[in-house]
$ cat upload_19.cif   # mmCIF, C-alpha atoms and all ligand atoms
data_my_file
#
loop_
_atom_site.label_atom_id
_atom_site.label_comp_id
_atom_site.auth_asym_id
_atom_site.auth_seq_id
_atom_site.Cartn_x
_atom_site.Cartn_y
_atom_site.Cartn_z
CA MET A 78 24.41 -7.41 -13.12
CA LYS A 79 21.81 -5.93 -10.83
CA GLU A 80 19.11 -8.36 -9.81
CA GLY A 81 16.15 -6.33 -11.09
CA ASN A 82 17.72 -5.84 -14.52
CA GLY A 83 15.18 -3.18 -15.48
CA THR A 84 12.12 -5.36 -14.72
CA ARG A 85 9.07 -3.11 -14.60
CA LEU A 86 7.16 -2.99 -11.31
CA PHE A 87 3.85 -1.22 -10.81
CA ILE A 88 3.38 0.87 -7.70
CA ASN A 89 0.06 1.55 -5.98
CA GLU A 90 -0.25 4.25 -3.32
CA VAL A 91 -2.60 3.51 -0.41
CA ALA A 92 -1.73 6.32 2.06
CA THR A 93 -4.94 8.22 1.43
CA ARG A 94 -7.04 5.10 2.22
CA ASP A 95 -5.11 2.61 4.39
CA GLY A 96 -3.13 5.51 5.92
CA PHE A 97 -5.82 8.09 6.54
CA GLN A 98 -8.35 5.53 7.90
CA MET A 99 -5.99 5.15 10.88
CA GLU A 100 -5.46 8.87 11.62
CA SER A 101 -7.25 10.10 14.74
CA ARG A 102 -7.41 13.73 13.51
CA PHE A 103 -9.75 14.28 10.54
CA ILE A 104 -7.67 15.36 7.55
CA PRO A 105 -9.47 18.28 5.87
CA THR A 106 -10.98 17.38 2.48
CA GLU A 107 -8.99 20.14 0.71
CA ASP A 108 -5.73 18.70 2.03
CA LYS A 109 -6.66 15.18 0.90
CA ILE A 110 -7.39 16.45 -2.60
CA ALA A 111 -4.16 18.49 -2.77
CA LEU A 112 -2.11 15.48 -1.65
CA ILE A 113 -3.70 13.13 -4.20
CA ASP A 114 -3.15 15.69 -6.97
CA ARG A 115 0.53 15.93 -6.00
CA LEU A 116 0.87 12.12 -5.85
CA GLY A 117 -0.69 11.86 -9.31
CA GLY A 118 2.49 13.25 -10.90
CA LEU A 119 4.96 10.89 -9.23
CA GLY A 120 4.65 7.80 -11.43
CA TYR A 121 2.05 5.62 -9.69
CA THR A 122 0.04 3.02 -11.56
CA LYS A 123 -2.81 3.31 -9.08
CA ILE A 124 -3.86 5.52 -6.19
CA GLU A 125 -6.35 4.27 -3.61
CA VAL A 126 -8.12 7.54 -3.03
CA THR A 127 -10.52 6.70 -0.20
CA SER A 128 -13.03 4.10 0.94
CA PHE A 129 -16.80 3.97 0.56
CA THR A 130 -17.40 2.43 3.95
CA SER A 131 -19.84 3.42 6.66
CA ALA A 132 -19.00 6.75 8.31
CA LYS A 133 -19.54 5.05 11.67
CA ALA A 134 -16.91 2.40 10.87
CA ILE A 135 -14.35 4.73 9.23
CA PRO A 136 -15.14 8.36 10.14
CA ALA A 137 -11.79 9.58 8.73
CA LEU A 138 -12.99 8.85 5.17
CA ARG A 139 -16.56 10.10 5.40
CA ASP A 140 -15.80 12.63 2.64
CA GLY A 141 -15.13 9.92 0.01
CA GLU A 142 -17.53 11.29 -2.62
CA GLU A 143 -16.21 14.83 -2.46
CA VAL A 144 -12.58 13.74 -2.63
CA MET A 145 -13.21 11.34 -5.52
CA ASN A 146 -15.19 13.94 -7.45
CA ARG A 147 -12.74 16.79 -7.04
CA ILE A 148 -9.32 15.22 -7.63
CA ALA A 149 -7.51 15.87 -10.92
CA ARG A 150 -7.54 12.66 -13.00
CA ARG A 151 -4.10 12.11 -14.48
CA PRO A 152 -4.15 9.98 -17.63
CA GLY A 153 -2.51 6.61 -16.95
CA VAL A 154 -3.29 6.59 -13.21
CA VAL A 155 -6.10 4.34 -11.95
CA TYR A 156 -8.06 6.05 -9.18
CA THR A 157 -9.52 3.27 -7.05
CA ALA A 158 -11.29 3.05 -3.68
CA LEU A 159 -12.16 0.39 -1.14
CA VAL A 160 -15.71 -0.95 -1.36
CA PRO A 161 -17.12 -3.33 1.28
CA ASN A 162 -20.73 -3.77 0.11
CA VAL A 163 -23.41 -2.81 -2.43
CA ARG A 164 -24.11 0.53 -0.73
CA GLY A 165 -20.41 1.38 -1.08
CA ALA A 166 -20.42 0.33 -4.73
CA GLN A 167 -23.36 2.63 -5.47
CA ARG A 168 -21.57 5.56 -3.82
CA ALA A 169 -18.38 4.74 -5.72
CA LEU A 170 -20.19 4.62 -9.08
CA GLU A 171 -21.74 8.02 -8.45
CA SER A 172 -18.21 9.30 -7.83
CA ARG A 173 -16.86 8.14 -11.21
CA ILE A 174 -14.50 5.55 -9.81
CA ASP A 175 -11.98 3.81 -12.17
CA GLU A 176 -11.95 0.50 -10.25
CA PHE A 177 -13.69 -1.13 -7.29
CA ASN A 178 -11.24 -2.46 -4.73
CA ILE A 179 -13.62 -4.84 -2.95
CA VAL A 180 -12.57 -6.19 0.42
CA MET A 181 -13.06 -9.23 2.57
CA SER A 182 -10.90 -11.26 4.92
CA ALA A 183 -9.61 -14.81 4.60
CA SER A 184 -10.17 -15.05 8.37
CA GLU A 185 -13.73 -15.41 9.68
CA THR A 186 -12.95 -13.58 12.93
CA HIS A 187 -11.32 -10.61 11.22
CA ASN A 188 -14.11 -10.43 8.65
CA LEU A 189 -16.70 -10.26 11.43
CA ALA A 190 -14.69 -7.66 13.39
CA ASN A 191 -13.96 -5.49 10.36
CA LEU A 192 -17.02 -5.85 8.15
CA ARG A 193 -19.61 -7.15 10.64
CA MET A 194 -20.46 -10.01 8.29
CA THR A 195 -19.48 -13.65 8.01
CA ARG A 196 -17.22 -14.38 5.05
CA GLU A 197 -20.18 -15.99 3.25
CA GLN A 198 -22.30 -12.88 3.83
CA SER A 199 -19.44 -10.70 2.53
CA PHE A 200 -19.00 -12.92 -0.51
CA ALA A 201 -22.71 -12.68 -1.33
CA GLN A 202 -22.56 -8.84 -1.08
CA LEU A 203 -19.39 -8.74 -3.17
CA ALA A 204 -20.85 -11.02 -5.82
CA ASP A 205 -23.63 -8.42 -6.21
CA VAL A 206 -20.99 -5.66 -6.34
CA ILE A 207 -19.18 -7.54 -9.12
CA GLY A 208 -22.50 -7.76 -10.98
CA LEU A 209 -22.96 -3.98 -10.64
CA ALA A 210 -19.38 -3.37 -11.77
CA LYS A 211 -19.83 -5.53 -14.88
CA HIS A 212 -22.99 -3.66 -15.79
CA ALA A 213 -21.17 -0.33 -15.39
CA GLY A 214 -17.97 -1.51 -17.12
CA VAL A 215 -15.80 -0.91 -14.03
CA PRO A 216 -12.95 -3.37 -13.31
CA VAL A 217 -12.84 -5.12 -9.94
CA ASN A 218 -9.85 -5.91 -7.74
CA VAL A 219 -10.27 -8.02 -4.60
CA SER A 220 -8.23 -7.13 -1.52
CA LEU A 221 -8.12 -10.29 0.57
CA SER A 222 -7.14 -9.45 4.16
CA CYS A 223 -5.21 -11.68 6.59
CA VAL A 224 -3.80 -13.93 3.86
CA PHE A 225 -0.58 -14.45 5.83
CA GLY A 226 -2.16 -14.76 9.28
CA CYS A 227 -4.90 -13.29 11.48
CA PRO A 228 -4.16 -11.39 14.70
CA MET A 229 -7.10 -13.18 16.37
CA GLU A 230 -7.01 -16.67 14.78
CA GLY A 231 -3.28 -17.11 14.15
CA GLU A 232 -2.38 -19.12 11.05
CA VAL A 233 -4.88 -18.91 8.20
CA PRO A 234 -4.85 -22.16 6.20
CA LEU A 235 -3.58 -21.77 2.63
CA ALA A 236 -6.48 -23.97 1.52
CA ALA A 237 -8.93 -21.33 2.82
CA VAL A 238 -7.06 -18.55 1.03
CA ARG A 239 -7.05 -20.54 -2.19
CA GLY A 240 -10.73 -21.38 -1.82
CA TRP A 241 -11.74 -17.69 -1.70
CA ILE A 242 -9.40 -16.85 -4.58
CA ASP A 243 -10.97 -19.61 -6.71
CA ARG A 244 -14.46 -18.30 -5.97
CA PHE A 245 -13.56 -14.72 -6.92
CA ALA A 246 -11.68 -15.89 -10.02
CA ALA A 247 -14.82 -17.75 -11.09
CA LEU A 248 -16.63 -14.39 -11.05
CA ASP A 249 -14.05 -12.96 -13.51
CA VAL A 250 -12.50 -10.31 -11.31
CA GLN A 251 -9.52 -8.54 -12.84
CA GLY A 252 -7.08 -8.81 -9.96
CA ILE A 253 -6.46 -9.99 -6.42
CA THR A 254 -4.34 -8.35 -3.71
CA LEU A 255 -2.78 -10.55 -1.05
CA CYS A 256 -2.91 -8.43 2.12
CA ASP A 257 -0.71 -8.94 5.16
CA THR A 258 -3.01 -6.91 7.38
CA THR A 259 -0.94 -6.92 10.57
CA GLY A 260 2.58 -7.73 9.38
CA MET A 261 2.47 -11.46 10.15
CA ALA A 262 4.06 -12.56 6.87
CA TYR A 263 7.66 -13.76 6.61
CA PRO A 264 9.74 -14.15 3.45
CA THR A 265 9.68 -17.93 2.87
CA GLN A 266 5.91 -17.98 3.49
CA VAL A 267 5.46 -15.05 1.09
CA GLY A 268 7.40 -16.87 -1.63
CA GLU A 269 5.42 -20.05 -1.15
CA ILE A 270 1.96 -18.43 -1.10
CA CYS A 271 2.65 -16.04 -3.98
CA GLU A 272 3.98 -18.82 -6.19
CA ALA A 273 1.06 -21.13 -5.36
CA VAL A 274 -1.74 -18.67 -6.08
CA MET A 275 -0.12 -17.13 -9.15
CA ALA A 276 0.42 -20.59 -10.65
CA SER A 277 -3.23 -21.50 -10.17
CA HIS A 278 -4.54 -18.23 -11.72
CA PRO A 279 -1.81 -16.83 -14.00
CA ALA A 280 -4.18 -14.56 -15.91
CA LEU A 281 -5.20 -12.55 -12.82
CA GLU A 282 -3.42 -9.27 -11.98
CA TRP A 283 -1.68 -10.03 -8.69
CA THR A 284 -0.69 -7.44 -6.08
CA ALA A 285 1.11 -7.78 -2.74
CA HIS A 286 0.23 -5.57 0.24
CA PHE A 287 2.54 -5.63 3.25
CA HIS A 288 2.46 -3.93 6.63
CA ASN A 289 5.72 -3.39 8.46
CA THR A 290 4.43 -4.30 11.93
CA ARG A 291 7.33 -6.66 12.65
CA GLY A 292 9.99 -5.02 10.49
CA MET A 293 9.67 -7.63 7.73
CA GLY A 294 7.88 -5.45 5.18
CA LEU A 295 10.86 -4.76 2.92
CA VAL A 296 12.18 -8.30 2.94
CA ASN A 297 8.67 -9.61 2.27
CA THR A 298 8.47 -7.22 -0.68
CA VAL A 299 11.68 -8.69 -2.12
CA ALA A 300 10.34 -12.22 -1.57
CA ALA A 301 7.11 -11.33 -3.40
CA VAL A 302 8.92 -9.74 -6.34
CA GLU A 303 11.27 -12.71 -6.59
CA ALA A 304 8.22 -14.97 -6.66
CA GLY A 305 6.94 -13.02 -9.67
CA MET A 306 4.71 -10.30 -8.16
CA ARG A 307 4.89 -7.15 -10.26
CA ARG A 308 2.30 -4.97 -8.49
CA LEU A 309 2.82 -3.63 -4.99
CA ASP A 310 0.72 -1.60 -2.56
CA MET A 311 2.57 0.80 -0.28
CA SER A 312 1.92 3.90 1.76
CA LEU A 313 3.82 7.18 1.72
CA GLY A 314 5.53 7.77 5.06
CA GLY A 315 4.64 4.24 6.17
CA ILE A 316 1.26 5.26 7.64
CA GLY A 317 -1.68 2.86 7.64
CA GLY A 318 -3.42 -0.01 9.36
CA CYS A 319 -6.83 -1.54 9.86
CA PRO A 320 -8.64 -0.06 12.89
CA TYR A 321 -10.44 -3.40 13.38
CA ALA A 322 -7.31 -5.59 13.43
CA PRO A 323 -5.67 -5.62 16.88
CA GLY A 324 -2.04 -4.48 16.81
CA ALA A 325 -2.18 -3.13 13.26
CA THR A 326 0.49 -0.61 12.22
CA GLY A 327 1.58 1.07 9.01
CA ASN A 328 2.16 -0.28 5.53
CA VAL A 329 5.61 -0.53 4.02
CA ALA A 330 6.67 3.03 3.22
CA THR A 331 6.58 4.00 -0.44
CA GLU A 332 9.83 5.97 -0.33
CA ASP A 333 11.64 3.10 1.45
CA VAL A 334 10.39 0.42 -0.94
CA VAL A 335 10.98 2.47 -4.09
CA HIS A 336 14.50 3.41 -2.93
CA MET A 337 15.32 -0.26 -2.29
CA LEU A 338 13.87 -1.52 -5.57
CA GLN A 339 15.62 1.19 -7.58
CA CYS A 340 18.95 0.31 -5.90
CA MET A 341 18.33 -3.31 -6.92
CA GLY A 342 17.86 -2.32 -10.56
CA TYR A 343 14.07 -2.57 -10.88
CA ASP A 344 12.17 -0.03 -12.97
CA THR A 345 9.51 1.38 -10.64
CA GLY A 346 8.58 4.33 -12.84
CA MET A 347 8.59 6.44 -9.67
CA ASP A 348 10.08 9.88 -8.93
CA LEU A 349 11.93 9.16 -5.68
CA ALA A 350 12.95 12.77 -4.98
CA GLY A 351 9.33 13.81 -5.52
CA LEU A 352 8.20 11.09 -3.10
CA VAL A 353 10.58 12.28 -0.41
CA GLY A 354 9.43 15.89 -0.83
CA THR A 355 5.79 14.80 -0.63
CA ALA A 356 6.51 12.65 2.45
CA VAL A 357 7.94 15.72 4.21
CA ALA A 358 4.76 17.64 3.36
CA LEU A 359 2.65 14.70 4.58
CA GLU A 360 4.44 14.71 7.93
CA ALA A 361 3.63 18.40 8.34
CA LEU A 362 -0.01 17.74 7.41
CA LEU A 363 -0.41 14.86 9.88
CA GLN A 364 1.42 16.67 12.70
CA HIS A 365 3.26 13.58 13.89
CA ASP A 366 6.42 11.65 13.02
CA LEU A 367 6.14 9.09 10.22
CA PRO A 368 7.79 5.65 10.43
CA ALA A 369 9.47 5.82 6.99
CA GLN A 370 13.25 6.03 6.93
CA VAL A 371 14.49 7.20 3.54
CA SER A 372 12.75 10.58 3.85
CA ARG A 373 14.89 11.14 6.96
CA ALA A 374 18.15 9.47 5.92
CA GLY A 375 18.09 10.41 2.23
CA HIS A 376 19.21 8.29 -0.72
CA ARG A 377 22.04 5.87 0.06
CA LEU A 378 24.37 8.01 -2.07
CA THR A 379 23.46 11.24 -0.26
CA ARG A 380 26.86 12.67 0.60
CA HIS A 381 27.37 14.31 3.95
CA ALA A 382 30.02 16.95 4.72
CA PRO A 383 33.02 15.71 6.70
CA PRO A 384 33.33 17.00 10.30
CA PRO A 385 33.96 20.77 10.71
CA ASP A 386 37.58 20.21 11.89
CA PHE A 387 38.37 17.89 8.96
CA ASN A 388 41.16 20.13 7.56
CA ASP A 389 42.90 20.04 10.95
CA ILE A 390 42.54 16.25 11.05
CA VAL A 391 44.15 15.99 7.60
CA ALA A 392 46.96 18.43 8.51
CA ARG A 393 47.77 16.52 11.68
CA ALA A 394 47.72 13.22 9.80
CA ARG A 395 50.22 14.64 7.33
CA GLN A 396 52.48 15.93 10.13
CA ARG A 397 52.54 12.47 11.57
CA GLY A 398 53.70 11.22 8.22
CA LEU A 399 50.73 8.91 8.07
CA ALA A 400 49.09 10.61 5.12
CA THR A 401 47.97 8.26 2.44
CA LYS A 402 48.60 8.92 -1.22
CA GLU A 403 45.06 10.37 -1.51
CA LEU A 404 45.91 13.02 1.07
CA GLN A 405 49.01 14.31 -0.77
CA PRO A 406 48.34 17.63 -2.50
N1 LIG B 501 -21.30 3.56 2.95
C1 LIG B 501 -21.98 4.40 3.77
N2 LIG B 501 -22.87 3.99 4.68
C2 LIG B 501 -23.09 2.67 4.77
C3 LIG B 501 -22.41 1.75 3.99
C4 LIG B 501 -21.49 2.23 3.04
N3 LIG B 501 -20.79 1.44 2.24
N4 LIG B 501 -22.82 0.53 4.30
C5 LIG B 501 -23.74 0.65 5.28
N5 LIG B 501 -23.88 1.97 5.57
C6 LIG B 501 -24.76 2.56 6.58
C7 LIG B 501 -26.17 2.09 6.46
O1 LIG B 501 -26.86 2.89 5.55
C8 LIG B 501 -26.65 2.24 7.89
O2 LIG B 501 -26.91 3.61 8.14
P1 LIG B 501 -28.01 4.07 9.21
O3 LIG B 501 -27.51 3.60 10.53
O4 LIG B 501 -28.00 5.56 9.08
O5 LIG B 501 -29.27 3.41 8.78
C9 LIG B 501 -25.43 1.88 8.70
O6 LIG B 501 -24.30 2.13 7.86
C10 LIG B 501 -25.41 0.44 9.15
O7 LIG B 501 -25.62 -0.39 8.02
P2 LIG B 501 -25.36 -1.97 8.02
O8 LIG B 501 -25.61 -2.50 6.66
O9 LIG B 501 -26.09 -2.56 9.19
O10 LIG B 501 -23.82 -2.00 8.24
P3 LIG B 501 -22.98 -2.54 9.47
O11 LIG B 501 -23.11 -1.63 10.63
O12 LIG B 501 -23.23 -3.99 9.65
O13 LIG B 501 -21.48 -2.31 8.88
C11 LIG B 501 -20.03 -2.18 6.97
C12 LIG B 501 -21.04 -3.01 7.72
C13 LIG B 501 -19.34 -3.08 5.98
C14 LIG B 501 -20.73 -1.05 6.25
C15 LIG B 501 -19.02 -1.58 7.98
O14 LIG B 501 -18.57 -2.55 8.86
C16 LIG B 501 -17.84 -0.95 7.28
O15 LIG B 501 -17.97 0.05 6.59
N6 LIG B 501 -16.64 -1.51 7.47
C17 LIG B 501 -15.44 -1.05 6.82
C18 LIG B 501 -14.26 -1.33 7.66
C19 LIG B 501 -12.99 -0.86 6.99
O16 LIG B 501 -12.96 -0.10 6.06
N7 LIG B 501 -11.86 -1.33 7.54
C20 LIG B 501 -10.57 -0.98 7.09
C21 LIG B 501 -10.24 -1.47 5.74
S1 LIG B 501 -9.77 -3.16 5.69
ZN ZN B 502 -3.50 -2.63 4.67
#
$ encode --input "upload_19.cif" --output "structure tokens"
Amino acid sequence: MKEGNGTRLFINEVATRDGFQMESRFIPTEDKIALIDRLGGLGYTKIEVTSFTSAKAIPALRDGEEVMNRIARRPGVVYTALVPNVRGAQRALESRIDEFNIVMSASETHNLANLRMTREQSFAQLADVIGLAKHAGVPVNVSLSCVFGCPMEGEVPLAAVRGWIDRFAALDVQGITLCDTTGMAYPTQVGEICEAVMASHPALEWTAHFHNTRGMGLVNTVAAVEAGMRRLDMSLGGIGGCPYAPGATGNVATEDVVHMLQCMGYDTGMDLAGLVGTAVALEALLQHDLPAQVSRAGHRLTRHAPPPDFNDIVARARQRGLATKELQP
């Protein structure tokens, strides 16, 4: 029996936030909206549309309000966005957001570099954001960066990660995303951390978020799912990365992860052919090659034509009397 055995997994797309924040060319607002509308029909649970960050910090997403206000809202899809502070939360609320994806780092150095605040200052801002969200009836997910390591500090102690998770859980957030911001995670560590945090807060909605910086993104995904994670962030084409984390590269690619999980027998709810078609369109939009592989190689059962001289090869094989039974007419 296949390992996944039909287990339902929930797929979140982050290309239009984690991906676009890293693009040097500004993607026109119309193109962002058209892409999100196309993604909306492919089976996602959640789409991270944009971020409500400062335009100085993330110029690529300075059109957050317009994008959020003009996308088509598909029933069943949660349209979320990254929110770093109260100002961002106010902008998000004005844009009719479905969920706040609030962000801080488990590493002090990365939090300072990325958000220009200490972790305590971030937590105080985010506690106010959670208050605003409760008042407005908007659910809150916490994306905790550098859970599996920090590119500037190295190992991040599990006790620190757990400490921040406990503090957010005490504020009744709906979910927490464990982010491997620069692809430092490895499978045994992923299993250990996922199991530990999920056991201490089983009622929270848990999500795993991997970057493929060291080629371990897919195997880390399997480790997370085997540890019980059912929600996964990923980015079409494998684009993405935090501009304030040295050495950051793209997320695990949606088409690669979905292809793998479907082969393993998991129910992703995703339209893989639609993903591949949209990845091809995304590559044209971004005007550069994308790191994903399945959109180039095709499904594992994609059948290729034999070589052009195949009939001659078969005829010669028969002449030599070496033809197998299958080659007999
Ligand atoms: N949206 C828009 N503008 C914002 C903002 C927000 N959420 N938060 C602050 N600003 C504006 C302020 O109004 C101020 O504008 P002004 O210069 O015209 O007066 C300016 O940004 C500076 O405000 P300040 O509160 O001092 O922010 P900061 O410079 O210390 O930056 C953050 C703090 C959090 C806003 C900024 O670091 C940020 O947006 N980081 C996001 C990084 C990110 O998204 N990384 C990738 C994802 S992990
Ligand atoms: Zn990321």
$ residues_near_ligand --input "upload_19.cif" --ligand "ligand ZN 502 (chain B)" --cutoff "7 Å" --atoms "all atoms listed in the file" --output "ChimeraX atom specification"
/A:95,256-258,286-288,317-319,328
$ write_last_selection --input "upload_19.cif" --atoms "C-alpha atoms" --output "PDB file, in the frame of the given file"
ATOM      1  CA  ASP A  95      -5.110   2.610   4.390  1.00  0.00           C
ATOM      2  CA  CYS A 256      -2.910  -8.430   2.120  1.00  0.00           C
ATOM      3  CA  ASP A 257      -0.710  -8.940   5.160  1.00  0.00           C
ATOM      4  CA  THR A 258      -3.010  -6.910   7.380  1.00  0.00           C
ATOM      5  CA  HIS A 286       0.230  -5.570   0.240  1.00  0.00           C
ATOM      6  CA  PHE A 287       2.540  -5.630   3.250  1.00  0.00           C
ATOM      7  CA  HIS A 288       2.460  -3.930   6.630  1.00  0.00           C
ATOM      8  CA  GLY A 317      -1.680   2.860   7.640  1.00  0.00           C
ATOM      9  CA  GLY A 318      -3.420  -0.010   9.360  1.00  0.00           C
ATOM     10  CA  CYS A 319      -6.830  -1.540   9.860  1.00  0.00           C
ATOM     11  CA  ASN A 328       2.160  -0.280   5.530  1.00  0.00           C
TER      12      ASN A 328
END
$ residues_near_ligand --input "upload_19.cif" --ligand "ligand LIG 501 (chain B)" --cutoff "10 Å" --atoms "all atoms listed in the file" --output "PyMOL selection string"
chain A and resi 94-96+98-99+127-136+138-139+141+159-169+179-182+187-194+199+202+220-223+256+258+317-322
$ write_last_selection --input "upload_19.cif" --atoms "C-alpha atoms" --output "mmCIF file, keeping the file's coordinate frame"
data_model
loop_
_atom_site.group_PDB
_atom_site.id
_atom_site.type_symbol
_atom_site.label_atom_id
_atom_site.label_comp_id
_atom_site.auth_asym_id
_atom_site.auth_seq_id
_atom_site.Cartn_x
_atom_site.Cartn_y
_atom_site.Cartn_z
ATOM 1 C CA ARG A 94 -7.040 5.100 2.220
ATOM 2 C CA ASP A 95 -5.110 2.610 4.390
ATOM 3 C CA GLY A 96 -3.130 5.510 5.920
ATOM 4 C CA GLN A 98 -8.350 5.530 7.900
ATOM 5 C CA MET A 99 -5.990 5.150 10.880
ATOM 6 C CA THR A 127 -10.520 6.700 -0.200
ATOM 7 C CA SER A 128 -13.030 4.100 0.940
ATOM 8 C CA PHE A 129 -16.800 3.970 0.560
ATOM 9 C CA THR A 130 -17.400 2.430 3.950
ATOM 10 C CA SER A 131 -19.840 3.420 6.660
ATOM 11 C CA ALA A 132 -19.000 6.750 8.310
ATOM 12 C CA LYS A 133 -19.540 5.050 11.670
ATOM 13 C CA ALA A 134 -16.910 2.400 10.870
ATOM 14 C CA ILE A 135 -14.350 4.730 9.230
ATOM 15 C CA PRO A 136 -15.140 8.360 10.140
ATOM 16 C CA LEU A 138 -12.990 8.850 5.170
ATOM 17 C CA ARG A 139 -16.560 10.100 5.400
ATOM 18 C CA GLY A 141 -15.130 9.920 0.010
ATOM 19 C CA LEU A 159 -12.160 0.390 -1.140
ATOM 20 C CA VAL A 160 -15.710 -0.950 -1.360
ATOM 21 C CA PRO A 161 -17.120 -3.330 1.280
ATOM 22 C CA ASN A 162 -20.730 -3.770 0.110
ATOM 23 C CA VAL A 163 -23.410 -2.810 -2.430
ATOM 24 C CA ARG A 164 -24.110 0.530 -0.730
ATOM 25 C CA GLY A 165 -20.410 1.380 -1.080
ATOM 26 C CA ALA A 166 -20.420 0.330 -4.730
ATOM 27 C CA GLN A 167 -23.360 2.630 -5.470
ATOM 28 C CA ARG A 168 -21.570 5.560 -3.820
ATOM 29 C CA ALA A 169 -18.380 4.740 -5.720
ATOM 30 C CA ILE A 179 -13.620 -4.840 -2.950
ATOM 31 C CA VAL A 180 -12.570 -6.190 0.420
ATOM 32 C CA MET A 181 -13.060 -9.230 2.570
ATOM 33 C CA SER A 182 -10.900 -11.260 4.920
ATOM 34 C CA HIS A 187 -11.320 -10.610 11.220
ATOM 35 C CA ASN A 188 -14.110 -10.430 8.650
ATOM 36 C CA LEU A 189 -16.700 -10.260 11.430
ATOM 37 C CA ALA A 190 -14.690 -7.660 13.390
ATOM 38 C CA ASN A 191 -13.960 -5.490 10.360
ATOM 39 C CA LEU A 192 -17.020 -5.850 8.150
ATOM 40 C CA ARG A 193 -19.610 -7.150 10.640
ATOM 41 C CA MET A 194 -20.460 -10.010 8.290
ATOM 42 C CA SER A 199 -19.440 -10.700 2.530
ATOM 43 C CA GLN A 202 -22.560 -8.840 -1.080
ATOM 44 C CA SER A 220 -8.230 -7.130 -1.520
ATOM 45 C CA LEU A 221 -8.120 -10.290 0.570
ATOM 46 C CA SER A 222 -7.140 -9.450 4.160
ATOM 47 C CA CYS A 223 -5.210 -11.680 6.590
ATOM 48 C CA CYS A 256 -2.910 -8.430 2.120
ATOM 49 C CA THR A 258 -3.010 -6.910 7.380
ATOM 50 C CA GLY A 317 -1.680 2.860 7.640
ATOM 51 C CA GLY A 318 -3.420 -0.010 9.360
ATOM 52 C CA CYS A 319 -6.830 -1.540 9.860
ATOM 53 C CA PRO A 320 -8.640 -0.060 12.890
ATOM 54 C CA TYR A 321 -10.440 -3.400 13.380
ATOM 55 C CA ALA A 322 -7.310 -5.590 13.430
#
$ residues_around --input "upload_19.cif" --residues "Leu86 in chain A" --least-positions-apart "3" --cutoff "8 Å" --atoms "all atoms listed in the file" --output "number ranges by chain"
A: 307-309, 343-346
$ atom_distance --input "upload_19.cif" --atom1 "CA of Gly260 in chain A" --atom2 "CA of Glu332 in chain A"
18.3 Å
$ atom_distance --input "upload_19.cif" --atom1 "CA of Val329 in chain A" --atom2 "CA of Gly315 in chain A"
5.3 Å
$ atom_distance --input "upload_19.cif" --atom1 "CA of Thr106 in chain A" --atom2 "CA of His365 in chain A"
18.6 Å
$ residues_near_point --input "upload_19.cif" --point "(13.6, 6.4, 7.7)" --cutoff "10 Å" --atoms "all atoms listed in the file" --output "JSON, numbers by chain"
{"A": [314, 315, 330, 332, 333, 367, 368, 369, 370, 371, 372, 373, 374, 375]}
$ residues_near_point --input "upload_19.cif" --point "(-21.2, 3.0, -13.3)" --cutoff "12 Å" --atoms "only C-alpha atoms" --output "PyMOL selection string"
chain A and resi 166-177+206-216
$ write_last_selection --input "upload_19.cif" --atoms "C-alpha atoms" --output "PDB file, in the frame of the given file"
ATOM      1  CA  ALA A 166     -20.420   0.330  -4.730  1.00  0.00           C
ATOM      2  CA  GLN A 167     -23.360   2.630  -5.470  1.00  0.00           C
ATOM      3  CA  ARG A 168     -21.570   5.560  -3.820  1.00  0.00           C
ATOM      4  CA  ALA A 169     -18.380   4.740  -5.720  1.00  0.00           C
ATOM      5  CA  LEU A 170     -20.190   4.620  -9.080  1.00  0.00           C
ATOM      6  CA  GLU A 171     -21.740   8.020  -8.450  1.00  0.00           C
ATOM      7  CA  SER A 172     -18.210   9.300  -7.830  1.00  0.00           C
ATOM      8  CA  ARG A 173     -16.860   8.140 -11.210  1.00  0.00           C
ATOM      9  CA  ILE A 174     -14.500   5.550  -9.810  1.00  0.00           C
ATOM     10  CA  ASP A 175     -11.980   3.810 -12.170  1.00  0.00           C
ATOM     11  CA  GLU A 176     -11.950   0.500 -10.250  1.00  0.00           C
ATOM     12  CA  PHE A 177     -13.690  -1.130  -7.290  1.00  0.00           C
ATOM     13  CA  VAL A 206     -20.990  -5.660  -6.340  1.00  0.00           C
ATOM     14  CA  ILE A 207     -19.180  -7.540  -9.120  1.00  0.00           C
ATOM     15  CA  GLY A 208     -22.500  -7.760 -10.980  1.00  0.00           C
ATOM     16  CA  LEU A 209     -22.960  -3.980 -10.640  1.00  0.00           C
ATOM     17  CA  ALA A 210     -19.380  -3.370 -11.770  1.00  0.00           C
ATOM     18  CA  LYS A 211     -19.830  -5.530 -14.880  1.00  0.00           C
ATOM     19  CA  HIS A 212     -22.990  -3.660 -15.790  1.00  0.00           C
ATOM     20  CA  ALA A 213     -21.170  -0.330 -15.390  1.00  0.00           C
ATOM     21  CA  GLY A 214     -17.970  -1.510 -17.120  1.00  0.00           C
ATOM     22  CA  VAL A 215     -15.800  -0.910 -14.030  1.00  0.00           C
ATOM     23  CA  PRO A 216     -12.950  -3.370 -13.310  1.00  0.00           C
TER      24      PRO A 216
END
$ residues_around --input "upload_19.cif" --residues "Arg150 in chain A" --least-positions-apart "2" --cutoff "12 Å" --atoms "only C-alpha atoms" --output "MDAnalysis selection string"
chainID A and resid 110 113:118 123:124 126 144:148 152:157 173:175
$ closest_residue --input "upload_19.cif" --among "A:Gly398, A:Val357, A:Val250, A:Ala262" --to "Ala300 in chain A" --atoms "only C-alpha atoms"
A:Ala262
$ closest_residue --input "upload_19.cif" --among "A:Ile270, A:Ala382, A:Ala204, A:Ala247" --to "Val224 in chain A" --atoms "all atoms listed in the file"
A:Ile270
